[in-house]
Every structure is written in C-alpha cells, then in structure tokens.
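Data from upload_9.cif: mmCIF, C-alpha atoms and all ligand atoms
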data_run
loop_
_atom_site.group_PDB
_atom_site.id
_atom_site.type_symbol
_atom_site.label_atom_id
_atom_site.label_comp_id
_atom_site.auth_asym_id
_atom_site.auth_seq_id
_atom_site.Cartn_x
_atom_site.Cartn_y
_atom_site.Cartn_z
ATOM 1 C CA MET A 1 -64.957 5.058 13.236
ATOM 2 C CA ASP A 2 -68.048 6.147 11.269
ATOM 3 C CA ASN A 3 -67.685 8.449 8.237
ATOM 4 C CA THR A 4 -68.198 11.726 10.123
ATOM 5 C CA ALA A 5 -65.785 10.761 12.898
ATOM 6 C CA ASN A 6 -63.252 9.621 10.283
ATOM 7 C CA HIS A 7 -63.608 12.918 8.388
ATOM 8 C CA ASP A 8 -63.157 14.953 11.583
ATOM 9 C CA ALA A 9 -60.140 12.894 12.611
ATOM 10 C CA LEU A 10 -58.525 13.419 9.194
ATOM 11 C CA GLN A 11 -59.175 17.177 9.390
ATOM 12 C CA GLN A 12 -57.364 17.158 12.708
ATOM 13 C CA ILE A 13 -54.389 15.393 11.134
ATOM 14 C CA ILE A 14 -54.353 17.887 8.236
ATOM 15 C CA GLN A 15 -54.211 20.737 10.725
ATOM 16 C CA VAL A 16 -51.261 19.213 12.535
ATOM 17 C CA ALA A 17 -49.536 18.409 9.224
ATOM 18 C CA GLN A 18 -49.967 21.998 8.045
ATOM 19 C CA GLY A 19 -47.598 23.192 10.756
ATOM 20 C CA PHE A 20 -44.856 20.869 9.503
ATOM 21 C CA TYR A 21 -45.384 21.801 5.855
ATOM 22 C CA ALA A 22 -45.332 25.581 6.423
ATOM 23 C CA ARG A 23 -41.849 26.276 5.115
ATOM 24 C CA LYS A 24 -40.091 27.554 2.023
ATOM 25 C CA ASP A 25 -39.936 24.317 0.013
ATOM 26 C CA ARG A 26 -43.222 24.653 -1.849
ATOM 27 C CA ALA A 27 -42.544 21.539 -3.907
ATOM 28 C CA HIS A 28 -43.182 19.468 -0.775
ATOM 29 C CA ASP A 29 -45.849 21.514 0.987
ATOM 30 C CA LEU A 30 -49.341 20.743 2.257
ATOM 31 C CA ASP A 31 -50.763 21.062 -1.271
ATOM 32 C CA HIS A 32 -48.416 18.288 -2.411
ATOM 33 C CA ALA A 33 -49.536 16.110 0.512
ATOM 34 C CA LEU A 34 -53.209 16.805 -0.260
ATOM 35 C CA ARG A 35 -52.741 15.860 -3.916
ATOM 36 C CA VAL A 36 -50.893 12.678 -2.938
ATOM 37 C CA ARG A 37 -53.851 11.922 -0.675
ATOM 38 C CA GLU A 38 -56.261 12.349 -3.623
ATOM 39 C CA TRP A 39 -54.129 10.157 -5.870
ATOM 40 C CA GLY A 40 -53.884 7.672 -3.012
ATOM 41 C CA ARG A 41 -57.663 7.561 -2.599
ATOM 42 C CA LYS A 42 -58.157 6.893 -6.324
ATOM 43 C CA LEU A 43 -55.554 4.127 -6.350
ATOM 44 C CA ALA A 44 -56.797 2.590 -3.086
ATOM 45 C CA LEU A 45 -60.385 2.441 -4.351
ATOM 46 C CA GLU A 46 -59.307 0.819 -7.597
ATOM 47 C CA GLU A 47 -56.806 -1.596 -6.038
ATOM 48 C CA GLY A 48 -58.868 -2.510 -2.974
ATOM 49 C CA ALA A 49 -56.493 -1.097 -0.328
ATOM 50 C CA ASP A 50 -57.246 0.333 3.126
ATOM 51 C CA ILE A 51 -58.173 3.959 2.360
ATOM 52 C CA THR A 52 -57.617 5.272 5.906
ATOM 53 C CA VAL A 53 -54.054 3.950 6.025
ATOM 54 C CA VAL A 54 -53.306 5.371 2.563
ATOM 55 C CA GLU A 55 -54.819 8.777 3.359
ATOM 56 C CA LEU A 56 -52.985 9.143 6.664
ATOM 57 C CA ALA A 57 -49.667 8.079 5.166
ATOM 58 C CA ALA A 58 -50.129 10.410 2.178
ATOM 59 C CA LEU A 59 -50.937 13.391 4.396
ATOM 60 C CA LEU A 60 -47.912 12.835 6.630
ATOM 61 C CA HIS A 61 -45.355 11.318 4.233
ATOM 62 C CA ASP A 62 -43.150 14.421 3.875
ATOM 63 C CA ILE A 63 -43.582 16.138 7.261
ATOM 64 C CA GLY A 64 -39.996 15.283 8.233
ATOM 65 C CA ARG A 65 -38.385 17.053 5.296
ATOM 66 C CA SER A 66 -37.467 20.107 7.304
ATOM 67 C CA GLY A 67 -35.191 19.634 10.268
ATOM 68 C CA ALA A 68 -34.844 15.886 9.679
ATOM 69 C CA VAL A 69 -33.340 14.274 12.739
ATOM 70 C CA GLU A 70 -33.213 10.720 11.423
ATOM 71 C CA LYS A 71 -31.229 9.230 8.547
ATOM 72 C CA THR A 72 -33.640 10.161 5.765
ATOM 73 C CA HIS A 73 -36.689 12.389 5.365
ATOM 74 C CA ALA A 74 -38.880 9.269 4.999
ATOM 75 C CA GLU A 75 -37.680 7.850 8.325
ATOM 76 C CA SER A 76 -37.981 11.239 9.974
ATOM 77 C CA SER A 77 -41.543 11.684 8.645
ATOM 78 C CA ALA A 78 -42.460 8.169 9.798
ATOM 79 C CA GLY A 79 -41.199 8.835 13.318
ATOM 80 C CA LEU A 80 -43.138 12.089 13.588
ATOM 81 C CA ALA A 81 -46.266 10.480 12.104
ATOM 82 C CA VAL A 82 -46.251 7.677 14.699
ATOM 83 C CA ASN A 83 -46.294 10.221 17.541
ATOM 84 C CA ILE A 84 -49.024 12.325 15.925
ATOM 85 C CA LEU A 85 -51.279 9.352 15.195
ATOM 86 C CA LEU A 86 -50.907 7.748 18.632
ATOM 87 C CA LYS A 87 -51.687 11.108 20.243
ATOM 88 C CA ASN A 88 -54.792 11.331 18.080
ATOM 89 C CA GLY A 89 -56.086 7.947 19.197
ATOM 90 C CA TYR A 90 -55.322 5.773 16.158
ATOM 91 C CA SER A 91 -54.841 2.067 16.873
ATOM 92 C CA GLU A 92 -51.373 0.502 17.015
ATOM 93 C CA GLU A 93 -52.292 -1.545 13.956
ATOM 94 C CA ILE A 94 -53.157 1.475 11.794
ATOM 95 C CA VAL A 95 -50.142 3.404 13.064
ATOM 96 C CA SER A 96 -47.807 0.570 12.187
ATOM 97 C CA GLN A 97 -49.225 0.270 8.653
ATOM 98 C CA VAL A 98 -48.960 4.030 8.132
ATOM 99 C CA ARG A 99 -45.386 3.963 9.415
ATOM 100 C CA GLU A 100 -44.478 1.204 6.952
ATOM 101 C CA ALA A 101 -46.007 3.173 4.056
ATOM 102 C CA ILE A 102 -44.217 6.417 4.939
ATOM 103 C CA VAL A 103 -40.824 4.868 5.525
ATOM 104 C CA SER A 104 -40.853 3.180 2.103
ATOM 105 C CA HIS A 105 -42.308 6.031 -0.004
ATOM 106 C CA SER A 106 -38.812 7.104 -1.029
ATOM 107 C CA ARG A 107 -36.020 4.793 -2.159
ATOM 108 C CA GLU A 108 -33.304 6.841 -0.451
ATOM 109 C CA ALA A 109 -33.563 4.821 2.775
ATOM 110 C CA GLY A 110 -33.521 1.493 0.928
ATOM 111 C CA HIS A 111 -36.914 0.350 2.256
ATOM 112 C CA GLU A 112 -38.903 -1.428 -0.418
ATOM 113 C CA PRO A 113 -42.710 -0.934 -0.174
ATOM 114 C CA LYS A 114 -44.134 -4.334 0.827
ATOM 115 C CA THR A 115 -47.806 -3.793 1.663
ATOM 116 C CA LEU A 116 -50.403 -2.767 -0.917
ATOM 117 C CA GLU A 117 -50.949 0.488 1.008
ATOM 118 C CA ALA A 118 -47.208 1.279 0.960
ATOM 119 C CA LYS A 119 -47.050 0.577 -2.780
ATOM 120 C CA ILE A 120 -50.000 2.899 -3.349
ATOM 121 C CA VAL A 121 -48.493 5.760 -1.341
ATOM 122 C CA TYR A 122 -45.232 5.293 -3.275
ATOM 123 C CA ASP A 123 -47.102 5.452 -6.599
ATOM 124 C CA ALA A 124 -49.307 8.383 -5.544
ATOM 125 C CA ASP A 125 -46.225 10.408 -4.594
ATOM 126 C CA LYS A 126 -44.664 9.798 -8.028
ATOM 127 C CA LEU A 127 -47.877 10.772 -9.841
ATOM 128 C CA ASP A 128 -47.543 14.258 -8.340
ATOM 129 C CA PHE A 129 -44.268 14.679 -10.262
ATOM 130 C CA VAL A 130 -45.760 14.236 -13.759
ATOM 131 C CA GLY A 131 -48.016 16.348 -15.953
ATOM 132 C CA ALA A 132 -48.448 20.116 -15.654
ATOM 133 C CA ILE A 133 -48.394 19.840 -11.859
ATOM 134 C CA GLY A 134 -45.190 17.837 -12.082
ATOM 135 C CA LEU A 135 -43.589 20.521 -14.250
ATOM 136 C CA GLY A 136 -44.649 23.238 -11.836
ATOM 137 C CA ARG A 137 -43.180 21.284 -8.943
ATOM 138 C CA LEU A 138 -40.018 20.567 -10.909
ATOM 139 C CA PHE A 139 -39.365 24.289 -11.377
ATOM 140 C CA ILE A 140 -40.122 25.091 -7.739
ATOM 141 C CA TRP A 141 -37.770 22.296 -6.681
ATOM 142 C CA ALA A 142 -35.130 23.632 -9.074
ATOM 143 C CA GLY A 143 -35.378 26.987 -7.301
ATOM 144 C CA VAL A 144 -34.756 25.273 -3.966
ATOM 145 C CA GLN A 145 -31.788 23.327 -5.413
ATOM 146 C CA GLY A 146 -30.387 26.185 -7.494
ATOM 147 C CA TRP A 147 -30.674 24.251 -10.768
ATOM 148 C CA THR A 148 -30.619 25.654 -14.295
ATOM 149 C CA LEU A 149 -33.198 24.696 -16.952
ATOM 150 C CA VAL A 150 -30.807 22.489 -18.959
ATOM 151 C CA GLY A 151 -27.282 21.129 -18.529
ATOM 152 C CA GLU A 152 -25.610 19.678 -15.446
ATOM 153 C CA ASN A 153 -27.676 20.026 -12.241
ATOM 154 C CA SER A 154 -30.746 21.068 -14.178
ATOM 155 C CA CYS A 155 -34.496 20.578 -14.440
ATOM 156 C CA GLU A 156 -34.071 18.633 -17.643
ATOM 157 C CA LYS A 157 -31.478 16.317 -16.114
ATOM 158 C CA PHE A 158 -33.759 15.542 -13.170
ATOM 159 C CA TYR A 159 -36.612 14.978 -15.613
ATOM 160 C CA ARG A 160 -34.580 12.627 -17.857
ATOM 161 C CA GLU A 161 -32.881 10.705 -15.065
ATOM 162 C CA ARG A 162 -35.577 10.525 -12.425
ATOM 163 C CA ILE A 163 -39.076 11.367 -13.619
ATOM 164 C CA CYS A 164 -38.708 9.397 -16.885
ATOM 165 C CA SER A 165 -37.761 6.282 -14.917
ATOM 166 C CA TYR A 166 -40.689 6.469 -12.490
ATOM 167 C CA ARG A 167 -42.924 4.392 -14.757
ATOM 168 C CA ASP A 168 -40.651 1.352 -14.491
ATOM 169 C CA HIS A 169 -40.853 1.539 -10.703
ATOM 170 C CA LEU A 170 -44.589 2.067 -10.239
ATOM 171 C CA PHE A 171 -46.171 -0.819 -8.359
ATOM 172 C CA THR A 172 -49.813 -0.648 -9.422
ATOM 173 C CA LYS A 173 -51.363 -0.991 -12.852
ATOM 174 C CA THR A 174 -53.794 1.799 -11.979
ATOM 175 C CA ALA A 175 -50.933 4.238 -11.346
ATOM 176 C CA ARG A 176 -49.329 3.351 -14.691
ATOM 177 C CA THR A 177 -52.623 4.129 -16.427
ATOM 178 C CA PHE A 178 -52.703 7.591 -14.829
ATOM 179 C CA TYR A 179 -48.991 8.160 -15.415
ATOM 180 C CA ASP A 180 -48.916 7.659 -19.192
ATOM 181 C CA PRO A 181 -50.946 10.676 -20.448
ATOM 182 C CA LEU A 182 -49.367 12.953 -17.843
ATOM 183 C CA PHE A 183 -45.914 11.827 -18.927
ATOM 184 C CA LEU A 184 -46.745 12.484 -22.590
ATOM 185 C CA TYR A 185 -47.776 16.036 -21.716
ATOM 186 C CA MET A 186 -44.462 16.558 -19.950
ATOM 187 C CA GLU A 187 -42.466 15.065 -22.816
ATOM 188 C CA GLY A 188 -44.323 17.433 -25.171
ATOM 189 C CA PHE A 189 -43.235 20.359 -23.014
ATOM 190 C CA TRP A 190 -39.559 19.438 -23.384
ATOM 191 C CA GLN A 191 -39.938 18.997 -27.147
ATOM 192 C CA GLN A 192 -41.471 22.467 -27.376
ATOM 193 C CA PHE A 193 -38.752 23.818 -25.093
ATOM 194 C CA HIS A 194 -35.984 22.561 -27.391
ATOM 195 C CA ALA A 195 -37.830 23.662 -30.526
ATOM 196 C CA GLU A 196 -37.930 27.200 -29.107
ATOM 197 C CA ARG A 197 -34.266 27.096 -28.167
ATOM 198 C CA PHE A 198 -33.387 25.878 -31.639
ATOM 199 C CA LYS A 199 -35.399 28.684 -33.195
ATOM 200 C CA ILE A 200 -33.678 31.316 -31.080
ATOM 201 C CA SER A 201 -30.328 29.748 -31.837
ATOM 202 C CA ASP A 202 -31.193 29.815 -35.561
ATOM 203 C CA SER A 203 -31.504 33.572 -35.420
ATOM 204 C CA GLY A 204 -28.173 33.748 -33.636
ATOM 205 C CA GLN A 205 -29.439 34.847 -30.247
ATOM 206 C CA ALA A 206 -29.247 31.681 -28.155
ATOM 207 C CA ASP A 207 -26.602 31.183 -25.555
ATOM 208 C CA SER A 208 -24.218 28.360 -26.369
ATOM 209 C CA ARG A 209 -25.143 25.989 -23.537
HETATM 210 FE FE FE A 301 -40.861 12.291 0.217
HETATM 211 FE FE FE A 302 -43.771 13.542 -1.499
#

Give the structure from this file in structure tokens form.
Amino acid sequence: MDNTANHDALQQIIQVAQGFYARKDRAHDLDHALRVREWGRKLALEEGADITVVELAALLHDIGRSGAVEKTHAESSAGLAVNILLKNGYSEEIVSQVREAIVSHSREAGHEPKTLEAKIVYDADKLDFVGAIGLGRLFIWAGVQGWTLVGENSCEKFYRERICSYRDHLFTKTARTFYDPLFLYMEGFWQQFHAERFKISDSGQADSR
C-alpha cells in the first residue's frame, strides 16, 4: 500500500471503530484510541516496529469493551478487529499481528505481549493513563465505576495500586522516558490534593474520611 492508500484505509478503520466507541464510557472512547495510536506511532518510530500493525491495533484495541461476548474485553476486541480487518482487505499476516497485539494489551486475559508491536501497543495504552490526560480519564472512569476521590474503591486507590505500578511493567525504554515526567505531574496533583484537604481539615471543615 502506498502512503495515500494506507491513509485512506486507516480512515476507513477509524470510521468503523467510531461506531464501537460511541457509548457512555468516555474513558475508553475513540479519543482514547486515537491518542493510543499517536503514542504507538511515536514508540514504533523510535523502536523500529511495524507502524501499520501498531496503528491498527491501537485504533481497535478497546472496541470490544461494550457488549463483550468473549472472556475479556481484549479477546472480544481482538475477535471483532479480525473481522473488520479481513473485510477491509488486510493480509492474513497483518491481521494476525494486530490480533496478537490487541489480545495482549491488557493483563486481565493473561496473555503476555510477545512481539515488539504488541509491547508497543501495551505501553501506548498505559501512557494514556498518566499526566493531565491520565487524571482526566481517571475521573471519568471513576464516574463509570462509582468511585469516590479517596478511600476504598477510589480514584486515589486506583492511582496508587495500578497507575503507579505501570512503570515497572512497561516494555520499551522509549515509553519509560515518556512516562516519567507525566507521572511526576500526576504525583504532584495528589500532593496538592492532600495539602488542600489538610488545610480544610485544619480549619475544622473537612469530613473525617
Ligand atoms: Fe483495554
Ligand atoms: Fe485502552
């Protein structure tokens, strides 16, 4: 495929993906997929991976989140992606690589990313959960889950237990380089958050949680 044909084909995939992402969970919507695609492109260029495989997998990696029929959303997304890509004329080889990357982008199914492209899609997905964008997504996701800001089942708990541990699980050096400043920004937010709570509490107005 030349560049124009590749661009047109990707636009077609974005259009199809949009239909799957049009739902109430805005933490995993088309914008998330588009940002993961951009992160994926950056990482793929730096790490020497197949950009088409990474872009396709990034665009489709969460399409199975709503109405998942398979065991996990990653497996469900992978199954849907295979059908979409074959229908759109992608080769069996590309489709199989994209499938592998989608199925292993989340650890819930127990599939470890093995190919460089799968590792990059995994890392790109995690990079969209740090920094100011990560915070925004965290609060949207909290709304979906019914979480509070702090305490049990809260934004802060998810941040401390999940987001803080992402760095240890990133596969590429390039992703770790992007992660660090974004993580520091997020950590600064939580410091400010607790400083404000302490101040309110000092004047006797804070709740006791
Ligand atoms: Fe996902
Ligand atoms: Fe995702």

Could I get the residues of chain A with an atom no further than 7 Å from an atom of ligand FE 302 (chain A), each paired with its nearest atom pair and that distance in Å to one decimal, using only C-alpha atoms and all ligand atoms, sorted by chain and residue number, as CSV?
residue,atom,partner,partner_atom,distance
A:His28,CA,A:FE302,FE,6.0
A:His32,CA,A:FE302,FE,6.7
A:Ala33,CA,A:FE302,FE,6.6
A:His61,CA,A:FE302,FE,6.3
A:Asp62,CA,A:FE302,FE,5.5
A:Asp125,CA,A:FE302,FE,5.0

Selection as a VMD selection string: residues within 12 Å of ligand FE 301 (chain A) by all atoms listed in the file: chain A and resid 21 27 to 29 32 to 33 36 57 to 66 68 72 to 78 101 to 109 121 to 126 128 to 129

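Taking CA of His194 in chain A and CA of Arg26 in chain A as the two end points, the separation is 26.6 Å.
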
Mind telling me what the PyMOL selection byres (((chain A and resi 138) around 12) and not hetatm) catches here, as a PyMOL selection string? chain A and resi 25-28+128-137+139-149+154-160+162-163+186

Neighbouring residues of range 88-100 of chain A were defined as those with any atom within 12 Å, considering all atoms listed in the file; residues of the same chain fewer than 5 positions away were excluded. Please report them as a PyMOL selection string. chain A and resi 1+5-6+8-16+49-61+74-83+105-106+111-122

Because some atoms of range 71-102 of chain A are absent here, can you restore N, CA and C atoms and send them as a PDB file, keeping the file's coordinate frame?
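As a result, rebuild.pdb now contains:
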ATOM      1  N   LYS A  71     -32.100   9.428   9.702  1.00  0.00           N
ATOM      2  CA  LYS A  71     -31.229   9.230   8.547  1.00  0.00           C
ATOM      3  C   LYS A  71     -31.780   9.859   7.255  1.00  0.00           C
ATOM      4  N   THR A  72     -33.053   9.641   7.000  1.00  0.00           N
ATOM      5  CA  THR A  72     -33.640  10.161   5.765  1.00  0.00           C
ATOM      6  C   THR A  72     -34.941  10.880   6.094  1.00  0.00           C
ATOM      7  N   HIS A  73     -35.454  11.652   5.094  1.00  0.00           N
ATOM      8  CA  HIS A  73     -36.689  12.389   5.365  1.00  0.00           C
ATOM      9  C   HIS A  73     -37.865  11.418   5.540  1.00  0.00           C
ATOM     10  N   ALA A  74     -37.793  10.252   4.870  1.00  0.00           N
ATOM     11  CA  ALA A  74     -38.880   9.269   4.999  1.00  0.00           C
ATOM     12  C   ALA A  74     -38.917   8.703   6.422  1.00  0.00           C
ATOM     13  N   GLU A  75     -37.741   8.382   6.956  1.00  0.00           N
ATOM     14  CA  GLU A  75     -37.680   7.850   8.325  1.00  0.00           C
ATOM     15  C   GLU A  75     -38.082   8.918   9.339  1.00  0.00           C
ATOM     16  N   SER A  76     -37.631  10.144   9.086  1.00  0.00           N
ATOM     17  CA  SER A  76     -37.981  11.239   9.974  1.00  0.00           C
ATOM     18  C   SER A  76     -39.500  11.490   9.967  1.00  0.00           C
ATOM     19  N   SER A  77     -40.091  11.489   8.763  1.00  0.00           N
ATOM     20  CA  SER A  77     -41.543  11.684   8.645  1.00  0.00           C
ATOM     21  C   SER A  77     -42.289  10.558   9.359  1.00  0.00           C
ATOM     22  N   ALA A  78     -41.795   9.327   9.186  1.00  0.00           N
ATOM     23  CA  ALA A  78     -42.460   8.169   9.798  1.00  0.00           C
ATOM     24  C   ALA A  78     -42.448   8.282  11.325  1.00  0.00           C
ATOM     25  N   GLY A  79     -41.310   8.686  11.862  1.00  0.00           N
ATOM     26  CA  GLY A  79     -41.199   8.835  13.318  1.00  0.00           C
ATOM     27  C   GLY A  79     -42.166   9.886  13.853  1.00  0.00           C
ATOM     28  N   LEU A  80     -42.223  11.012  13.169  1.00  0.00           N
ATOM     29  CA  LEU A  80     -43.138  12.089  13.588  1.00  0.00           C
ATOM     30  C   LEU A  80     -44.591  11.635  13.454  1.00  0.00           C
ATOM     31  N   ALA A  81     -44.891  10.927  12.360  1.00  0.00           N
ATOM     32  CA  ALA A  81     -46.266  10.480  12.104  1.00  0.00           C
ATOM     33  C   ALA A  81     -46.744   9.526  13.200  1.00  0.00           C
ATOM     34  N   VAL A  82     -45.874   8.631  13.647  1.00  0.00           N
ATOM     35  CA  VAL A  82     -46.251   7.677  14.699  1.00  0.00           C
ATOM     36  C   VAL A  82     -46.705   8.441  15.947  1.00  0.00           C
ATOM     37  N   ASN A  83     -45.931   9.434  16.355  1.00  0.00           N
ATOM     38  CA  ASN A  83     -46.294  10.221  17.541  1.00  0.00           C
ATOM     39  C   ASN A  83     -47.624  10.932  17.357  1.00  0.00           C
ATOM     40  N   ILE A  84     -47.788  11.567  16.193  1.00  0.00           N
ATOM     41  CA  ILE A  84     -49.024  12.325  15.925  1.00  0.00           C
ATOM     42  C   ILE A  84     -50.233  11.401  15.964  1.00  0.00           C
ATOM     43  N   LEU A  85     -50.120  10.250  15.307  1.00  0.00           N
ATOM     44  CA  LEU A  85     -51.279   9.352  15.195  1.00  0.00           C
ATOM     45  C   LEU A  85     -51.632   8.717  16.539  1.00  0.00           C
ATOM     46  N   LEU A  86     -50.623   8.340  17.312  1.00  0.00           N
ATOM     47  CA  LEU A  86     -50.907   7.748  18.632  1.00  0.00           C
ATOM     48  C   LEU A  86     -51.583   8.786  19.531  1.00  0.00           C
ATOM     49  N   LYS A  87     -51.086  10.016  19.466  1.00  0.00           N
ATOM     50  CA  LYS A  87     -51.687  11.108  20.243  1.00  0.00           C
ATOM     51  C   LYS A  87     -53.126  11.358  19.847  1.00  0.00           C
ATOM     52  N   ASN A  88     -53.439  11.100  18.576  1.00  0.00           N
ATOM     53  CA  ASN A  88     -54.792  11.331  18.080  1.00  0.00           C
ATOM     54  C   ASN A  88     -55.676  10.087  18.159  1.00  0.00           C
ATOM     55  N   GLY A  89     -55.231   9.092  18.879  1.00  0.00           N
ATOM     56  CA  GLY A  89     -56.086   7.947  19.197  1.00  0.00           C
ATOM     57  C   GLY A  89     -56.188   6.855  18.145  1.00  0.00           C
ATOM     58  N   TYR A  90     -55.285   6.856  17.156  1.00  0.00           N
ATOM     59  CA  TYR A  90     -55.322   5.773  16.158  1.00  0.00           C
ATOM     60  C   TYR A  90     -54.736   4.493  16.762  1.00  0.00           C
ATOM     61  N   SER A  91     -55.264   3.362  16.309  1.00  0.00           N
ATOM     62  CA  SER A  91     -54.841   2.067  16.873  1.00  0.00           C
ATOM     63  C   SER A  91     -53.399   1.758  16.464  1.00  0.00           C
ATOM     64  N   GLU A  92     -52.756   0.921  17.287  1.00  0.00           N
ATOM     65  CA  GLU A  92     -51.373   0.502  17.015  1.00  0.00           C
ATOM     66  C   GLU A  92     -51.276  -0.125  15.626  1.00  0.00           C
ATOM     67  N   GLU A  93     -52.316  -0.845  15.238  1.00  0.00           N
ATOM     68  CA  GLU A  93     -52.292  -1.545  13.956  1.00  0.00           C
ATOM     69  C   GLU A  93     -52.260  -0.545  12.779  1.00  0.00           C
ATOM     70  N   ILE A  94     -53.142   0.457  12.864  1.00  0.00           N
ATOM     71  CA  ILE A  94     -53.157   1.475  11.794  1.00  0.00           C
ATOM     72  C   ILE A  94     -51.838   2.237  11.784  1.00  0.00           C
ATOM     73  N   VAL A  95     -51.382   2.617  12.967  1.00  0.00           N
ATOM     74  CA  VAL A  95     -50.142   3.404  13.064  1.00  0.00           C
ATOM     75  C   VAL A  95     -48.968   2.633  12.448  1.00  0.00           C
ATOM     76  N   SER A  96     -48.924   1.343  12.720  1.00  0.00           N
ATOM     77  CA  SER A  96     -47.807   0.570  12.187  1.00  0.00           C
ATOM     78  C   SER A  96     -47.885   0.454  10.660  1.00  0.00           C
ATOM     79  N   GLN A  97     -49.084   0.329  10.116  1.00  0.00           N
ATOM     80  CA  GLN A  97     -49.225   0.270   8.653  1.00  0.00           C
ATOM     81  C   GLN A  97     -48.872   1.605   8.003  1.00  0.00           C
ATOM     82  N   VAL A  98     -49.278   2.700   8.666  1.00  0.00           N
ATOM     83  CA  VAL A  98     -48.960   4.030   8.132  1.00  0.00           C
ATOM     84  C   VAL A  98     -47.444   4.243   8.166  1.00  0.00           C
ATOM     85  N   ARG A  99     -46.837   3.820   9.269  1.00  0.00           N
ATOM     86  CA  ARG A  99     -45.386   3.963   9.415  1.00  0.00           C
ATOM     87  C   ARG A  99     -44.658   3.247   8.279  1.00  0.00           C
ATOM     88  N   GLU A 100     -45.074   2.027   8.031  1.00  0.00           N
ATOM     89  CA  GLU A 100     -44.478   1.204   6.952  1.00  0.00           C
ATOM     90  C   GLU A 100     -44.609   1.912   5.590  1.00  0.00           C
ATOM     91  N   ALA A 101     -45.783   2.503   5.345  1.00  0.00           N
ATOM     92  CA  ALA A 101     -46.007   3.173   4.056  1.00  0.00           C
ATOM     93  C   ALA A 101     -45.145   4.428   3.932  1.00  0.00           C
ATOM     94  N   ILE A 102     -45.003   5.174   5.013  1.00  0.00           N
ATOM     95  CA  ILE A 102     -44.217   6.417   4.939  1.00  0.00           C
ATOM     96  C   ILE A 102     -42.729   6.117   4.775  1.00  0.00           C
TER      97      ILE A 102
END
